[in-house]
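Everything below belongs to data01.pdb, which stores PDB, C-alpha atoms.
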ATOM      1  CA  MET R   1      27.243  20.114 -64.076
ATOM      2  CA  GLN R   2      26.279  20.790 -60.462
ATOM      3  CA  LEU R   3      26.758  17.108 -59.521
ATOM      4  CA  GLN R   4      30.231  17.166 -61.039
ATOM      5  CA  LEU R   5      31.110  20.238 -58.994
ATOM      6  CA  ILE R   6      29.954  18.547 -55.772
ATOM      7  CA  SER R   7      32.045  15.481 -56.647
ATOM      8  CA  PHE R   8      35.085  17.635 -57.232
ATOM      9  CA  VAL R   9      34.658  19.351 -53.849
ATOM     10  CA  LEU R  10      34.343  16.004 -52.056
ATOM     11  CA  ILE R  11      37.474  14.706 -53.787
ATOM     12  CA  ILE R  12      39.394  17.775 -52.655
ATOM     13  CA  LEU R  13      38.195  17.201 -49.051
ATOM     14  CA  HIS R  14      39.301  13.600 -49.273
ATOM     15  CA  CYS R  15      42.717  14.663 -50.547
ATOM     16  CA  MET R  16      43.181  16.465 -47.240
ATOM     17  CA  ASP R  17      43.067  13.059 -45.490
ATOM     18  CA  TYR R  18      46.159  10.876 -45.000
ATOM     19  CA  THR R  19      45.630   9.184 -48.419
ATOM     20  CA  GLY R  20      47.028  11.024 -51.437
ATOM     21  CA  CYS R  21      45.274  12.558 -54.362
ATOM     22  CA  GLN R  22      46.860  10.020 -56.664
ATOM     23  CA  GLN R  23      44.638   7.293 -55.206
ATOM     24  CA  HIS R  24      41.593   9.370 -56.212
ATOM     25  CA  SER R  25      42.852   9.980 -59.714
ATOM     26  CA  SER R  26      42.938   6.228 -60.272
ATOM     27  CA  SER R  27      39.300   5.832 -59.169
ATOM     28  CA  ARG R  28      37.965   9.069 -60.605
ATOM     29  CA  HIS R  29      36.358   7.326 -63.543
ATOM     30  CA  ARG R  30      34.452   4.978 -61.149
ATOM     31  CA  GLN R  31      33.215   7.904 -59.017
ATOM     32  CA  HIS R  32      32.177   9.746 -62.129
ATOM     33  CA  LYS R  33      30.006   6.761 -63.065
ATOM     34  CA  GLN R  34      28.396   6.815 -59.615
ATOM     35  CA  ILE R  35      27.743  10.537 -59.909
ATOM     36  CA  SER R  36      26.150   9.962 -63.265
ATOM     37  CA  GLY R  37      23.458   7.833 -61.564
ATOM     38  CA  VAL R  38      24.982   4.472 -60.703
ATOM     39  CA  SER R  39      23.783   3.657 -57.111
ATOM     40  CA  SER R  40      24.273  -0.124 -56.939
ATOM     41  CA  GLY R  41      27.255   0.306 -54.564
ATOM     42  CA  CYS R  42      25.379   2.566 -52.032
ATOM     43  CA  GLN R  43      24.891   0.978 -48.636
ATOM     44  CA  GLN R  44      22.380   3.488 -47.282
ATOM     45  CA  GLY R  45      18.796   3.168 -48.410
ATOM     46  CA  GLY R  46      18.290   6.923 -48.746
ATOM     47  CA  CYS R  47      21.221   7.507 -51.100
ATOM     48  CA  LEU R  48      20.556   8.151 -54.771
ATOM     49  CA  THR R  49      24.231   8.432 -55.694
ATOM     50  CA  CYS R  50      27.230   7.802 -53.496
ATOM     51  CA  SER R  51      30.999   7.621 -53.192
ATOM     52  CA  ASP R  52      33.048   4.912 -51.533
ATOM     53  CA  TYR R  53      35.027   7.594 -49.724
ATOM     54  CA  ASN R  54      32.499  10.396 -49.081
ATOM     55  CA  GLY R  55      29.224   8.540 -48.600
ATOM     56  CA  CYS R  56      26.057   9.893 -50.166
ATOM     57  CA  LEU R  57      26.434  12.482 -52.931
ATOM     58  CA  SER R  58      22.696  12.890 -53.511
ATOM     59  CA  CYS R  59      19.527  11.665 -51.802
ATOM     60  CA  LYS R  60      16.255  10.176 -52.881
ATOM     61  CA  PRO R  61      13.163  12.448 -52.808
ATOM     62  CA  ARG R  62      11.943  13.532 -49.327
ATOM     63  CA  PHE R  63      15.368  12.736 -47.779
ATOM     64  CA  PHE R  64      17.674  15.409 -46.366
ATOM     65  CA  MET R  65      21.408  15.541 -47.075
ATOM     66  CA  HIS R  66      23.420  15.882 -43.874
ATOM     67  CA  LEU R  67      27.233  16.153 -43.717
ATOM     68  CA  GLU R  68      28.803  14.423 -40.729
ATOM     69  CA  ARG R  69      32.394  15.332 -39.870
ATOM     70  CA  ILE R  70      34.758  12.536 -38.862
ATOM     71  CA  GLY R  71      38.093  14.154 -38.053
ATOM     72  CA  MET R  72      39.144  16.072 -41.154
ATOM     73  CA  LYS R  73      36.702  14.133 -43.309
ATOM     74  CA  GLN R  74      33.035  14.793 -44.080
ATOM     75  CA  ILE R  75      30.603  11.988 -44.903
ATOM     76  CA  GLY R  76      27.307  12.574 -46.661
ATOM     77  CA  VAL R  77      24.269  10.929 -44.988
ATOM     78  CA  CYS R  78      20.664  10.898 -46.235
ATOM     79  CA  MET R  79      18.081  11.228 -43.429
ATOM     80  CA  THR R  80      14.289  11.456 -43.205
ATOM     81  CA  SER R  81      14.660  14.333 -40.691
ATOM     82  CA  CYS R  82      17.534  16.476 -39.571
ATOM     83  CA  PRO R  83      19.302  15.810 -36.242
ATOM     84  CA  SER R  84      19.133  18.085 -33.211
ATOM     85  CA  GLY R  85      20.889  21.419 -33.803
ATOM     86  CA  PHE R  86      19.968  21.416 -37.499
ATOM     87  CA  TYR R  87      16.877  22.354 -39.472
ATOM     88  CA  GLY R  88      15.778  21.118 -42.875
ATOM     89  CA  THR R  89      15.434  23.231 -46.003
ATOM     90  CA  ARG R  90      13.775  21.959 -49.150
ATOM     91  CA  SER R  91      14.404  23.048 -52.725
ATOM     92  CA  PRO R  92      13.580  21.608 -56.146
ATOM     93  CA  GLU R  93      17.189  20.501 -56.573
ATOM     94  CA  ARG R  94      17.953  18.988 -53.137
ATOM     95  CA  ASN R  95      16.968  18.941 -49.458
ATOM     96  CA  THR R  96      19.695  19.803 -46.970
ATOM     97  CA  CYS R  97      20.235  20.039 -43.216
ATOM     98  CA  THR R  98      21.412  23.476 -42.056
ATOM     99  CA  LYS R  99      22.958  24.208 -38.668
ATOM    100  CA  CYS R 100      20.972  26.315 -36.174
ATOM    101  CA  ARG R 101      22.264  29.556 -34.698
ATOM    102  CA  SER R 102      24.990  29.204 -32.085
ATOM    103  CA  GLU R 103      22.694  30.005 -29.125
ATOM    104  CA  CYS R 104      20.059  27.473 -30.248
ATOM    105  CA  ASP R 105      20.052  23.853 -29.169
ATOM    106  CA  SER R 106      17.308  23.066 -31.667
ATOM    107  CA  CYS R 107      15.380  25.227 -34.126
ATOM    108  CA  PHE R 108      12.594  25.309 -36.660
ATOM    109  CA  ASN R 109      14.458  27.545 -39.044
ATOM    110  CA  LYS R 110      17.320  30.028 -38.869
ATOM    111  CA  ASN R 111      15.139  32.665 -37.183
ATOM    112  CA  PHE R 112      13.070  30.516 -34.797
ATOM    113  CA  CYS R 113      14.654  28.503 -31.982
ATOM    114  CA  THR R 114      12.697  25.781 -30.157
ATOM    115  CA  ARG R 115      15.259  25.131 -27.372
ATOM    116  CA  CYS R 116      18.228  27.136 -26.171
ATOM    117  CA  ARG R 117      21.707  26.176 -25.134
ATOM    118  CA  ALA R 118      22.734  26.448 -21.464
ATOM    119  CA  GLY R 119      22.954  30.087 -20.356
ATOM    120  CA  PHE R 120      20.247  31.264 -22.811
ATOM    121  CA  TYR R 121      16.496  31.458 -22.302
ATOM    122  CA  LEU R 122      13.810  31.042 -24.936
ATOM    123  CA  HIS R 123      11.234  33.758 -25.480
ATOM    124  CA  LEU R 124       9.095  34.021 -28.623
ATOM    125  CA  GLY R 125      11.477  31.831 -30.625
ATOM    126  CA  LYS R 126      14.603  33.786 -29.624
ATOM    127  CA  CYS R 127      17.346  32.664 -27.258
ATOM    128  CA  GLN R 128      18.508  35.508 -25.024
ATOM    129  CA  GLU R 129      20.580  35.878 -21.888
ATOM    130  CA  ASN R 130      18.025  37.989 -19.989
ATOM    131  CA  CYS R 131      14.236  37.795 -19.878
ATOM    132  CA  PRO R 132      11.824  40.690 -20.503
ATOM    133  CA  GLU R 133      10.164  42.485 -17.594
ATOM    134  CA  GLY R 134       7.508  40.403 -15.818
ATOM    135  CA  LEU R 135       9.220  37.118 -16.690
ATOM    136  CA  VAL R 136      11.865  35.111 -14.845
ATOM    137  CA  ARG R 137      14.524  32.712 -16.062
ATOM    138  CA  SER R 138      13.888  28.981 -15.693
ATOM    139  CA  ASP R 139      17.155  27.022 -15.729
ATOM    140  CA  THR R 140      15.357  23.681 -15.971
ATOM    141  CA  GLN R 141      13.279  24.710 -18.986
ATOM    142  CA  ARG R 142      15.794  27.253 -20.369
ATOM    143  CA  GLU R 143      12.846  29.538 -20.973
ATOM    144  CA  CYS R 144      11.483  32.853 -19.764
ATOM    145  CA  VAL R 145       8.469  31.971 -17.609
ATOM    146  CA  PRO R 146       5.982  34.056 -15.583
ATOM    147  CA  ARG R 147       6.579  34.500 -11.870
ATOM    148  CA  CYS R 148       5.186  31.630  -9.750
ATOM    149  CA  PRO R 149       2.160  32.087  -7.484
ATOM    150  CA  ALA R 150       2.985  32.612  -3.808
ATOM    151  CA  GLU R 151       2.119  29.032  -2.820
ATOM    152  CA  CYS R 152       4.341  27.501  -5.533
ATOM    153  CA  GLU R 153       7.960  26.534  -5.115
ATOM    154  CA  ALA R 154       8.294  25.847  -8.854
ATOM    155  CA  CYS R 155       5.801  26.494 -11.636
ATOM    156  CA  VAL R 156       5.154  25.899 -15.305
ATOM    157  CA  ASN R 157       3.468  29.255 -15.771
ATOM    158  CA  SER R 158       1.717  31.907 -13.707
ATOM    159  CA  GLU R 159      -1.239  29.571 -13.039
ATOM    160  CA  THR R 160       0.261  26.062 -12.937
ATOM    161  CA  CYS R 161       2.498  24.872 -10.118
ATOM    162  CA  ALA R 162       5.023  22.099 -10.665
ATOM    163  CA  ARG R 163       5.919  21.828  -6.950
ATOM    164  CA  CYS R 164       4.239  23.313  -3.881
ATOM    165  CA  ARG R 165       5.778  24.945  -0.850
ATOM    166  CA  PRO R 166       6.225  22.756   2.272
ATOM    167  CA  GLY R 167       2.953  21.916   4.014
ATOM    168  CA  LEU R 168       0.808  22.279   0.863
ATOM    169  CA  TYR R 169      -0.628  19.530  -1.340
ATOM    170  CA  GLN R 170      -0.607  19.635  -5.123
ATOM    171  CA  LEU R 171      -3.619  18.797  -7.292
ATOM    172  CA  SER R 172      -3.847  19.540 -11.023
ATOM    173  CA  GLY R 173      -1.243  22.288 -10.867
ATOM    174  CA  ARG R 174      -2.771  23.986  -7.812
ATOM    175  CA  CYS R 175      -1.550  23.979  -4.204
ATOM    176  CA  HIS R 176      -4.029  23.341  -1.373
ATOM    177  CA  HIS R 177      -3.902  23.640   2.398
ATOM    178  CA  VAL R 178      -6.893  21.247   2.581
ATOM    179  CA  CYS R 179      -7.669  18.822  -0.223
ATOM    180  CA  PRO R 180     -11.034  19.218  -2.021
ATOM    181  CA  GLU R 181     -13.967  16.879  -1.507
ATOM    182  CA  ASP R 182     -13.394  13.267  -2.615
ATOM    183  CA  TYR R 183      -9.634  13.770  -2.253
ATOM    184  CA  GLU R 184      -7.307  13.131   0.669
ATOM    185  CA  PRO R 185      -3.776  14.338   1.501
ATOM    186  CA  SER R 186      -0.791  12.083   0.845
ATOM    187  CA  ASP R 187       2.075  13.122   3.099
ATOM    188  CA  LYS R 188       4.427  10.853   1.174
ATOM    189  CA  LEU R 189       3.721  12.418  -2.239
ATOM    190  CA  MET R 190       2.533  15.797  -0.905
ATOM    191  CA  GLU R 191      -0.366  15.532  -3.305
ATOM    192  CA  CYS R 192      -4.147  15.310  -3.079
ATOM    193  CA  THR R 193      -5.021  11.771  -4.125
ATOM    194  CA  PRO R 194      -8.530  10.409  -4.856
ATOM    195  CA  GLN R 195     -10.268   8.767  -1.930
ATOM    196  CA  VAL R 196     -10.777   5.027  -2.206
ATOM    197  CA  HIS R 197     -13.938   3.648  -0.601
ATOM    198  CA  CYS R 198     -14.437   0.117   0.626
ATOM    199  CA  GLU R 199     -16.134  -2.329  -1.719
ATOM    200  CA  VAL R 200     -17.597  -5.678  -0.650
ATOM    201  CA  GLY R 201     -18.973  -8.621  -2.566
ATOM    202  CA  GLU R 202     -22.330 -10.383  -2.380
ATOM    203  CA  TRP R 203     -23.517 -12.244   0.710
ATOM    204  CA  SER R 204     -22.904 -15.968   0.823
ATOM    205  CA  GLU R 205     -25.701 -18.462   1.518
ATOM    206  CA  TRP R 206     -26.778 -18.941   5.143
ATOM    207  CA  SER R 207     -24.871 -21.752   6.854
ATOM    208  CA  PRO R 208     -26.696 -24.772   8.352
ATOM    209  CA  CYS R 209     -28.210 -24.218  11.787
ATOM    210  CA  SER R 210     -25.606 -25.119  14.407
ATOM    211  CA  ARG R 211     -24.788 -24.696  18.060
ATOM    212  CA  SER R 212     -21.308 -24.803  19.546
ATOM    213  CA  GLY R 213     -20.034 -26.263  16.308
ATOM    214  CA  ARG R 214     -22.616 -29.083  16.274
ATOM    215  CA  THR R 215     -25.584 -29.568  13.971
ATOM    216  CA  CYS R 216     -27.471 -32.043  16.191
ATOM    217  CA  GLY R 217     -28.585 -32.522  19.764
ATOM    218  CA  PHE R 218     -30.274 -29.093  20.134
ATOM    219  CA  LYS R 219     -33.440 -27.242  19.203
ATOM    220  CA  ARG R 220     -32.258 -23.580  19.118
ATOM    221  CA  GLY R 221     -29.099 -22.637  17.218
ATOM    222  CA  GLN R 222     -27.571 -20.016  14.923
ATOM    223  CA  GLU R 223     -27.034 -19.489  11.181
ATOM    224  CA  THR R 224     -24.219 -17.328   9.715
ATOM    225  CA  ARG R 225     -23.340 -15.781   6.367
ATOM    226  CA  THR R 226     -20.302 -13.772   5.157
ATOM    227  CA  ARG R 227     -19.062 -11.592   2.296
ATOM    228  CA  GLN R 228     -15.560 -10.724   1.107
ATOM    229  CA  VAL R 229     -13.845  -7.319   0.874
ATOM    230  CA  LEU R 230     -13.129  -6.515  -2.772
ATOM    231  CA  GLN R 231     -11.440  -3.131  -2.187
ATOM    232  CA  TYR R 232     -10.018  -1.932   1.116
ATOM    233  CA  PRO R 233     -10.502   1.799   1.767
ATOM    234  CA  SER R 234      -7.845   4.506   1.822
ATOM    235  CA  PRO R 235      -7.207   6.261   5.174
ATOM    236  CA  PHE R 236     -10.024   8.780   4.580
ATOM    237  CA  GLY R 237     -12.316   6.569   2.493
ATOM    238  CA  ASN R 238     -15.621   5.067   3.599
ATOM    239  CA  PRO R 239     -14.966   2.120   5.955
ATOM    240  CA  CYS R 240     -16.135  -1.394   5.217
ATOM    241  CA  PRO R 241     -19.600  -2.491   6.419
ATOM    242  CA  GLU R 242     -20.170  -5.702   8.376
ATOM    243  CA  ILE R 243     -18.842  -8.710   6.522
ATOM    244  CA  SER R 244     -20.623 -11.361   8.669
ATOM    245  CA  GLU R 245     -24.148 -11.782  10.050
ATOM    246  CA  ILE R 246     -25.701 -14.165  12.624
ATOM    247  CA  LYS R 247     -29.368 -15.017  13.185
ATOM    248  CA  GLU R 248     -31.223 -17.385  15.492
ATOM    249  CA  CYS R 249     -32.737 -20.577  14.088
ATOM    250  CA  LEU R 250     -35.051 -23.387  15.249
ATOM    251  CA  VAL R 251     -34.657 -27.003  14.205
ATOM    252  CA  LYS R 252     -36.283 -30.278  15.152
ATOM    253  CA  ARG R 253     -34.170 -31.847  17.823
ATOM    254  CA  ARG R 254     -32.397 -34.979  16.693
ATOM    255  CA  LYS R 255     -29.902 -37.165  18.419
ATOM    256  CA  CYS R 256     -26.283 -36.988  17.428
ATOM    257  CA  PRO R 257     -24.506 -40.147  16.264
ATOM    258  CA  GLY R 258     -23.002 -41.896  19.296
ATOM    259  CA  GLY R 259     -25.441 -40.183  21.671
ATOM    260  CA  ARG R 260     -26.300 -43.406  23.606
ATOM    261  CA  LYS R 261     -22.763 -43.748  24.911
ATOM    262  CA  LYS R 262     -22.741 -40.097  25.856
ATOM    263  CA  ASN R 263     -26.024 -40.527  27.715
ATOM    264  CA  GLU R 264     -24.656 -43.581  29.542
ATOM    265  CA  ARG R 265     -21.588 -41.633  30.588
ATOM    266  CA  ARG R 266     -23.781 -38.759  31.689
ATOM    267  CA  GLU R 267     -26.031 -41.074  33.751
ATOM    268  CA  ARG R 268     -22.988 -42.721  35.299
ATOM    269  CA  ARG R 269     -21.643 -39.329  36.278
ATOM    270  CA  ASN R 270     -25.016 -38.401  37.737
ATOM    271  CA  ARG R 271     -25.148 -41.627  39.781
ATOM    272  CA  ASN R 272     -21.663 -41.003  41.092
ATOM    273  CA  ASN R 273     -22.613 -37.455  41.951
ATOM    274  CA  ARG R 274     -25.713 -38.667  43.796
ATOM    275  CA  LYS R 275     -23.661 -41.217  45.725
ATOM    276  CA  ASP R 276     -21.146 -38.569  46.669
ATOM    277  CA  LYS R 277     -23.966 -36.317  47.794
ATOM    278  CA  GLU R 278     -25.563 -39.078  49.879
ATOM    279  CA  ASN R 279     -22.238 -39.902  51.482
ATOM    280  CA  GLN R 280     -21.686 -36.260  52.334
ATOM    281  CA  GLU R 281     -25.182 -35.979  53.858
ATOM    282  CA  GLY R 282     -24.608 -39.201  55.887
ATOM    283  CA  ARG R 283     -21.340 -37.842  57.220
ATOM    284  CA  ARG R 284     -22.971 -34.588  58.167
ATOM    285  CA  GLU R 285     -25.853 -36.451  59.919
ATOM    286  CA  ARG R 286     -23.455 -38.648  61.895
ATOM    287  CA  LYS R 287     -21.499 -35.583  62.900
ATOM    288  CA  ARG R 288     -24.678 -33.886  64.125
ATOM    289  CA  GLU R 289     -25.558 -36.989  66.192
ATOM    290  CA  ARG R 290     -22.106 -37.058  67.746
ATOM    291  CA  ASP R 291     -22.347 -33.390  68.569
ATOM    292  CA  GLN R 292     -25.766 -33.905  70.186
ATOM    293  CA  GLU R 293     -24.519 -36.863  72.296
ATOM    294  CA  ARG R 294     -21.534 -34.867  73.385
ATOM    295  CA  ALA R 295     -23.821 -32.015  74.370
ATOM    296  CA  ARG R 296     -26.078 -34.326  76.409
ATOM    297  CA  ASP R 297     -23.122 -35.859  78.222
ATOM    298  CA  THR R 298     -21.826 -32.446  79.068
ATOM    299  CA  GLY R 299     -25.261 -31.382  80.388
ATOM    300  CA  GLU R 300     -25.657 -34.474  82.580
ATOM    301  CA  ARG R 301     -22.238 -33.938  84.107
ATOM    302  CA  ASP R 302     -23.150 -30.363  84.883
ATOM    303  CA  ASP R 303     -26.458 -31.391  86.542
ATOM    304  CA  SER R 304     -24.767 -34.053  88.689
ATOM    305  CA  GLY R 305     -22.161 -31.598  89.863
ATOM    306  CA  ASN R 306     -24.771 -29.045  90.738
ATOM    307  CA  ARG R 307     -26.707 -31.627  92.867
ATOM    308  CA  ASN R 308     -23.557 -32.648  94.730
ATOM    309  CA  LYS R 309     -22.745 -29.049  95.472
ATOM    310  CA  THR R 310     -26.296 -28.444  96.850
ATOM    311  CA  GLU R 311     -26.187 -31.524  99.107
ATOM    312  CA  HIS R 312     -22.816 -30.518 100.467
ATOM    313  CA  ARG R 313     -24.023 -27.059 101.312
ATOM    314  CA  ARG R 314     -27.066 -28.536 103.083
ATOM    315  CA  ARG R 315     -24.914 -30.807 105.224
ATOM    316  CA  ARG R 316     -22.632 -27.999 106.176
ATOM    317  CA  GLY R 317     -25.669 -25.984 107.248
ATOM    318  CA  HIS R 318     -26.947 -28.649 109.641
ATOM    319  CA  GLU R 319     -23.632 -29.056 111.346
ATOM    320  CA  ALA R 320     -23.310 -25.389 111.983
ATOM    321  CA  ASP R 321     -26.745 -24.917 113.698
ATOM    322  CA  PRO R 322     -26.307 -24.168 117.721
ATOM    323  CA  VAL R 323     -28.165 -26.216 120.515
ATOM    324  CA  SER R 324     -30.915 -24.220 122.336
ATOM    325  CA  PRO R 325     -31.215 -24.078 126.319
ATOM    326  CA  GLU R 326     -34.506 -25.709 126.261
ATOM    327  CA  ASP R 327     -33.062 -28.646 124.474
ATOM    328  CA  GLY R 328     -30.367 -28.901 127.260
ATOM    329  CA  LEU R 329     -32.844 -28.859 130.142
ATOM    330  CA  ALA R 330     -34.954 -31.477 128.550
ATOM    331  CA  GLN R 331     -32.034 -33.730 128.513
TER     332      GLN R 331
END

Go ahead and express the file in the form of structure tokens.
Amino acid sequence: MQLQLISFVLIILHCMDYTGCQQHSSSRHRQHKQISGVSSGCQQGGCLTCSDYNGCLSCKPRFFMHLERIGMKQIGVCMTSCPSGFYGTRSPERNTCTKCRSECDSCFNKNFCTRCRAGFYLHLGKCQENCPEGLVRSDTQRECVPRCPAECEACVNSETCARCRPGLYQLSGRCHHVCPEDYEPSDKLMECTPQVHCEVGEWSEWSPCSRSGRTCGFKRGQETRTRQVLQYPSPFGNPCPEISEIKECLVKRRKCPGGRKKNERRERRNRNNRKDKENQEGRRERKRERDQERARDTGERDDSGNRNKTEHRRRRGHEADPVSPEDGLAQ
């Protein structure tokens, strides 16, 4: 009897559409069969009985009946859970979706809202325009929340910050002037981020003993070994240790391939250098000899001039001596 009443109501709603009631009278017998339990024509999996014009008339167990309005028409839909703005009620006869209160965006039942519409704020399951004393309105959460701590710019509650004031760094809902140990400030994120320390791999084997890139022609050389950086440090993390090492090494001297030609070239250069040195010494010796000869010639000319000057002075002295009276009488 109740199913027949629901069918009659749906037919009346459909008569309000642009199609006339006469079209329903012609198919009333077919709808009556569907209401009686025939569900082969239902397209939705949750429908137990359905109508070609009004969708689901009844749902399978554990499904909720929800009426969707399309213009002036309502369509029955069977759903596993009710959409937002509705809550589900169960009864032995049928499960239905009921609309929440006007100030609720979503609800658990008619007396308990879980989210409010814009302009209302949730507190203890109620949506209200103003919050109780000690609480403030949060437009982002649409809830009444405790006042934020002084260092918070936005908060989740009285102890958890969602955003810190300028110059402070956030970590686990707290704001810090200086980040705790093992953390470092990130000016980009304005958060305290974990420090990252350098990590290096294992040392490689020691290289062969070498000197100036050669592995022959010497007795004392060097060996090297290296290791790779696996993790580079963050700005405040522990820096990387040395990634290369050098140690002295001794080897038995051995000639390099092609060393004879090198030795010949070296000896040829040495001979040329010796010749150049001998030539330079010969030139210097000849120059010294010339200088000495020039000095002797200059000295001899000076001595000869001095003797001529002395003889001339002597002659002039004899000519100037006067004749005594005794010498005149004797004559």

Item checked: Given only C-alpha atoms as the counted atoms, nearest of R:Thr215, R:Glu151, R:Gly201, R:Leu189 to His177 of chain R ->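 That would be R:Glu151, the residue with the smallest distance to His177 of chain R.
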
Item checked: atom CA of Phe86 of chain R to atom CA of Cys59 of chain R, straight-line distance in Å -> 17.3 Å

Item checked: Residues selected by the PyMOL selection byres ((chain R and resi 136) around 7), written as a PyMOL selection string -> chain R and resi 131+134-135+137-138+144-147

Item checked: Non-local contacts of Leu168 of chain R (7 Å; all atoms listed in the file; under 4 positions in same chain excluded) as a list in words ->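 Contacts, with the query itself left out: Cys164, Cys175, His176, His177 and Met190 of chain R.
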
Item checked: Minimum-distance residue to Thr98 of chain R, chosen among R:Ala295, R:Cys82, R:Cys155, R:Cys113 (using only C-alpha atoms) ->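 Using only C-alpha atoms, Thr98 of chain R sits closest to R:Cys82.
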
Next item on the list: Using the chain letters and residue numbers of this document, give as JSON, numbers by chain the residues selected by the PyMOL selection byres ((chain R and resi 240-249) around 12).
Entry: {"R": [196, 197, 198, 199, 200, 201, 202, 203, 204, 205, 206, 207, 208, 209, 210, 211, 215, 218, 219, 220, 221, 222, 223, 224, 225, 226, 227, 228, 229, 230, 231, 232, 233, 234, 235, 236, 237, 238, 239, 250, 251, 252, 253]}

Checklist line | Top pick for closest residue to Gly46 of chain R, considering R:Glu68, R:Met79, R:Ser102, R:Thr193 and counting all atoms listed in the file | finding: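 Among the listed residues, R:Met79 lies closest to Gly46 of chain R.
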
Which residues come within 8 Å of segment 89-94 of chain R, counting all atoms listed in the file, excluding same-chain residues fewer than 5 positions away, as an mmCIF file with C-alpha atoms, keeping the file's coordinate frame?
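So the final result, stored in part_33.cif, reads:
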data_model
loop_
_atom_site.group_PDB
_atom_site.id
_atom_site.type_symbol
_atom_site.label_atom_id
_atom_site.label_comp_id
_atom_site.auth_asym_id
_atom_site.auth_seq_id
_atom_site.Cartn_x
_atom_site.Cartn_y
_atom_site.Cartn_z
ATOM 1 C CA SER R 58 22.696 12.890 -53.511
ATOM 2 C CA CYS R 59 19.527 11.665 -51.802
ATOM 3 C CA PHE R 64 17.674 15.409 -46.366
ATOM 4 C CA MET R 65 21.408 15.541 -47.075
#

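When atom CA of Ser158 of chain R is paired with atom CA of Gly173 of chain R, their separation reads 10.5 Å.
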
Next item on the list: Take atom CA of Phe112 of chain R and atom CA of Gly85 of chain R and report the distance between them in Å, one decimal.
Entry: 12.0 Å

How big is the axis-aligned box around the listed atoms of segment 233-240 of chain R once 4 Å is added on each side, and where is its centre? Give both in Å to one decimal, as lines of an AutoDock Vina configuration file.
center_x = -11.7
center_y = 3.7
center_z = 3.9
size_x = 16.9
size_y = 18.2
size_z = 12.2

Check: Mind telling me what the PyMOL selection byres ((chain R and resi 141) around 10) catches here, as a PyMOL selection string?
Finding: chain R and resi 115-116+118+121-122+137-140+142-145+156

Next item on the list: Counting all atoms listed in the file, figure out which residue out of R:Ala154, R:Cys50, R:Cys107, R:Cys78 gets nearest to His66 of chain R.
Entry: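 Closest to His66 of chain R, using all atoms listed in the file: R:Cys78.
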